[in-house]
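Here the structure comes first, spelled out in structure tokens, and everything after it is commentary.
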Amino acid sequence: MMELSEAELSEYQKKRTSKQAVVGQYLIHKKSDHALGRAVATLANAYEWKRAMDYRADLVHEQPPTIHGLGIVYNREKRWRPAKDGKTVELMIGGGDNPEFKTDEIIKSMTRALELLIETFEVSLAHYEEKLRQAGFTFS
């Protein structure tokens, strides 16, 4: 949509595999005066968006985050620990671990992250519609 070349984006490809992340960094750094650049920066810097992306990363790539209210939860970790005598080990079982999240916190955070994403999408859509108008397309 913005007709960016690979050369323009190459500076932002280090340590990123997602084209979306590369374009986002380009917009933040090179188009900070553009409405889309500002919208992407607002989204990327929002605590709720970062939290949503961290939650998603854990859900997809690690152990699903543990949530209060879903019964006894266990983190993936070694349960064998050195005993007090220092010579033996003991197995820690029962009781579970403390959940990382509470349901109401997740709902609040994810709702705000979705609102920010929608706002960013609306700015992107407006930019695209303007490009289409300039190319001679009309909307009814």
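Each chain of the structure tokens is named A, B, ... in the order shown, its residues numbered from 1; ligands are numbered from 1 in display order.
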
(message) Give me, as an MDAnalysis selection string, the residues of stretch 3-138 of chain A that a backbone DSSP run labels alpha helix (DSSP H).
(response) chainID A and resid 6:9 19:30 35:45 47:61 103:134

Could you save those same residues with C-alpha atoms as a PDB file, in the first residue's frame?
ATOM      1  CA  GLU A   6      13.092  -3.916   0.187  1.00  0.00           C
ATOM      2  CA  ALA A   7      16.010  -1.465   0.303  1.00  0.00           C
ATOM      3  CA  GLU A   8      13.951   0.979   2.384  1.00  0.00           C
ATOM      4  CA  LEU A   9      12.991  -1.809   4.795  1.00  0.00           C
ATOM      5  CA  LYS A  19       7.140  -8.300   7.590  1.00  0.00           C
ATOM      6  CA  GLN A  20       4.513  -6.576   9.728  1.00  0.00           C
ATOM      7  CA  ALA A  21       7.106  -5.809  12.413  1.00  0.00           C
ATOM      8  CA  VAL A  22       9.611  -4.591   9.815  1.00  0.00           C
ATOM      9  CA  VAL A  23       7.088  -2.239   8.180  1.00  0.00           C
ATOM     10  CA  GLY A  24       5.922  -1.092  11.613  1.00  0.00           C
ATOM     11  CA  GLN A  25       9.455  -0.143  12.643  1.00  0.00           C
ATOM     12  CA  TYR A  26       9.962   1.646   9.329  1.00  0.00           C
ATOM     13  CA  LEU A  27       6.772   3.653   9.859  1.00  0.00           C
ATOM     14  CA  ILE A  28       7.694   4.520  13.439  1.00  0.00           C
ATOM     15  CA  HIS A  29      11.189   5.707  12.534  1.00  0.00           C
ATOM     16  CA  LYS A  30      10.845   7.100   9.007  1.00  0.00           C
ATOM     17  CA  ALA A  35      -0.877   9.590  10.460  1.00  0.00           C
ATOM     18  CA  LEU A  36      -0.163   5.894   9.943  1.00  0.00           C
ATOM     19  CA  GLY A  37       3.300   6.203  11.502  1.00  0.00           C
ATOM     20  CA  ARG A  38       1.805   7.927  14.545  1.00  0.00           C
ATOM     21  CA  ALA A  39      -0.944   5.311  14.845  1.00  0.00           C
ATOM     22  CA  VAL A  40       1.526   2.427  14.643  1.00  0.00           C
ATOM     23  CA  ALA A  41       3.787   4.098  17.221  1.00  0.00           C
ATOM     24  CA  THR A  42       0.824   4.573  19.571  1.00  0.00           C
ATOM     25  CA  LEU A  43      -0.093   0.907  19.186  1.00  0.00           C
ATOM     26  CA  ALA A  44       3.460  -0.385  19.552  1.00  0.00           C
ATOM     27  CA  ASN A  45       4.139   1.704  22.662  1.00  0.00           C
ATOM     28  CA  TYR A  47       1.326  -1.256  27.576  1.00  0.00           C
ATOM     29  CA  GLU A  48      -1.814  -3.238  26.783  1.00  0.00           C
ATOM     30  CA  TRP A  49      -0.597  -4.064  23.267  1.00  0.00           C
ATOM     31  CA  LYS A  50       2.795  -5.196  24.559  1.00  0.00           C
ATOM     32  CA  ARG A  51       1.071  -7.325  27.186  1.00  0.00           C
ATOM     33  CA  ALA A  52      -1.245  -8.859  24.572  1.00  0.00           C
ATOM     34  CA  MET A  53       1.697  -9.676  22.296  1.00  0.00           C
ATOM     35  CA  ASP A  54       3.661 -11.211  25.196  1.00  0.00           C
ATOM     36  CA  TYR A  55       0.607 -13.262  26.164  1.00  0.00           C
ATOM     37  CA  ARG A  56       0.213 -14.424  22.558  1.00  0.00           C
ATOM     38  CA  ALA A  57       3.911 -15.310  22.306  1.00  0.00           C
ATOM     39  CA  ASP A  58       3.738 -17.404  25.468  1.00  0.00           C
ATOM     40  CA  LEU A  59       0.505 -19.036  24.343  1.00  0.00           C
ATOM     41  CA  VAL A  60       1.949 -19.979  20.948  1.00  0.00           C
ATOM     42  CA  HIS A  61       5.621 -20.618  21.702  1.00  0.00           C
ATOM     43  CA  THR A 103      -9.395 -13.488  34.152  1.00  0.00           C
ATOM     44  CA  ASP A 104     -10.654  -9.933  34.681  1.00  0.00           C
ATOM     45  CA  GLU A 105      -7.156  -8.514  34.132  1.00  0.00           C
ATOM     46  CA  ILE A 106      -6.780 -10.416  30.864  1.00  0.00           C
ATOM     47  CA  ILE A 107     -10.187  -9.261  29.626  1.00  0.00           C
ATOM     48  CA  LYS A 108      -9.459  -5.619  30.467  1.00  0.00           C
ATOM     49  CA  SER A 109      -5.988  -5.676  28.904  1.00  0.00           C
ATOM     50  CA  MET A 110      -7.023  -7.572  25.768  1.00  0.00           C
ATOM     51  CA  THR A 111     -10.077  -5.355  25.271  1.00  0.00           C
ATOM     52  CA  ARG A 112      -7.911  -2.222  25.310  1.00  0.00           C
ATOM     53  CA  ALA A 113      -5.348  -3.863  23.001  1.00  0.00           C
ATOM     54  CA  LEU A 114      -8.146  -4.692  20.544  1.00  0.00           C
ATOM     55  CA  GLU A 115      -9.448  -1.111  20.693  1.00  0.00           C
ATOM     56  CA  LEU A 116      -5.953   0.179  19.878  1.00  0.00           C
ATOM     57  CA  LEU A 117      -5.637  -2.283  17.000  1.00  0.00           C
ATOM     58  CA  ILE A 118      -9.001  -1.173  15.590  1.00  0.00           C
ATOM     59  CA  GLU A 119      -7.965   2.493  15.837  1.00  0.00           C
ATOM     60  CA  THR A 120      -4.742   1.696  13.968  1.00  0.00           C
ATOM     61  CA  PHE A 121      -6.673  -0.255  11.342  1.00  0.00           C
ATOM     62  CA  GLU A 122      -9.049   2.676  10.830  1.00  0.00           C
ATOM     63  CA  VAL A 123      -6.110   5.018  10.160  1.00  0.00           C
ATOM     64  CA  SER A 124      -4.640   2.464   7.760  1.00  0.00           C
ATOM     65  CA  LEU A 125      -7.964   2.048   5.969  1.00  0.00           C
ATOM     66  CA  ALA A 126      -8.383   5.824   5.603  1.00  0.00           C
ATOM     67  CA  HIS A 127      -4.900   6.050   4.077  1.00  0.00           C
ATOM     68  CA  TYR A 128      -5.669   3.247   1.646  1.00  0.00           C
ATOM     69  CA  GLU A 129      -9.007   4.770   0.646  1.00  0.00           C
ATOM     70  CA  GLU A 130      -7.258   8.073  -0.071  1.00  0.00           C
ATOM     71  CA  LYS A 131      -4.715   6.298  -2.280  1.00  0.00           C
ATOM     72  CA  LEU A 132      -7.580   4.683  -4.177  1.00  0.00           C
ATOM     73  CA  ARG A 133      -9.333   8.053  -4.617  1.00  0.00           C
ATOM     74  CA  GLN A 134      -6.112   9.530  -5.988  1.00  0.00           C
TER      75      GLN A 134
END

(message) Using only C-alpha atoms, which protein or nucleic acid residues come within 10 Å of stretch 70-78 of chain A? Drop anything in the same chain fewer than 5 positions from it, and give the result as a PyMOL selection string.
(response) chain A and resi 62-65+91-100+102-103

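With only C-alpha atoms as the atoms that count, the minimum distance from A:His68 to the choices A:Leu4, A:Lys31, A:Phe101, A:Tyr12 is reached by A:Phe101.
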
(request) For atom CA of A:Ser5 and atom CA of A:Ala46, quote the distance in Å rounded to one decimal. (result)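 Atom CA of A:Ala46 lies at a distance of 27.9 Å from atom CA of A:Ser5.
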
Could you pull out the residues in stretch 13-100 of chain A that DSSP calls strand (DSSP E or B) from the backbone, as an mmCIF file with N, CA, C and O atoms, in the first residue's frame?
data_model
loop_
_atom_site.group_PDB
_atom_site.id
_atom_site.type_symbol
_atom_site.label_atom_id
_atom_site.label_comp_id
_atom_site.auth_asym_id
_atom_site.auth_seq_id
_atom_site.Cartn_x
_atom_site.Cartn_y
_atom_site.Cartn_z
ATOM 1 N N ILE A 67 -3.906 -19.223 34.457
ATOM 2 C CA ILE A 67 -4.970 -18.270 34.745
ATOM 3 C C ILE A 67 -5.711 -18.699 36.008
ATOM 4 O O ILE A 67 -6.088 -19.864 36.150
ATOM 5 N N VAL A 73 -2.954 -25.092 38.817
ATOM 6 C CA VAL A 73 -2.092 -24.892 37.658
ATOM 7 C C VAL A 73 -0.643 -25.164 38.043
ATOM 8 O O VAL A 73 -0.242 -24.973 39.184
ATOM 9 N N TRP A 80 12.091 -31.437 41.165
ATOM 10 C CA TRP A 80 13.074 -31.987 42.089
ATOM 11 C C TRP A 80 13.943 -30.849 42.604
ATOM 12 O O TRP A 80 14.495 -30.081 41.844
ATOM 13 N N ARG A 81 14.045 -30.757 43.934
ATOM 14 C CA ARG A 81 14.842 -29.692 44.547
ATOM 15 C C ARG A 81 15.762 -30.302 45.599
ATOM 16 O O ARG A 81 15.435 -31.321 46.218
ATOM 17 N N PRO A 82 16.916 -29.668 45.811
ATOM 18 C CA PRO A 82 17.808 -30.176 46.867
ATOM 19 C C PRO A 82 17.114 -30.129 48.226
ATOM 20 O O PRO A 82 16.440 -29.164 48.553
ATOM 21 N N VAL A 89 17.625 -35.194 47.260
ATOM 22 C CA VAL A 89 16.660 -34.314 46.600
ATOM 23 C C VAL A 89 15.269 -34.731 47.026
ATOM 24 O O VAL A 89 15.043 -35.860 47.474
ATOM 25 N N GLU A 90 14.349 -33.802 46.898
ATOM 26 C CA GLU A 90 12.968 -34.109 47.216
ATOM 27 C C GLU A 90 12.092 -33.638 46.071
ATOM 28 O O GLU A 90 12.430 -32.705 45.349
ATOM 29 N N LEU A 91 10.981 -34.307 45.894
ATOM 30 C CA LEU A 91 10.038 -33.973 44.843
ATOM 31 C C LEU A 91 8.941 -33.112 45.431
ATOM 32 O O LEU A 91 8.255 -33.512 46.365
ATOM 33 N N ASP A 97 1.048 -24.086 41.452
ATOM 34 C CA ASP A 97 1.765 -22.813 41.447
ATOM 35 C C ASP A 97 0.767 -21.669 41.396
ATOM 36 O O ASP A 97 -0.402 -21.860 41.050
#

(request) Between atom CA of A:Met1 and atom CA of A:Ser18, measure the distance and give it in Å to one decimal. (result)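 Distance reported for this atom pair: 16.8 Å.
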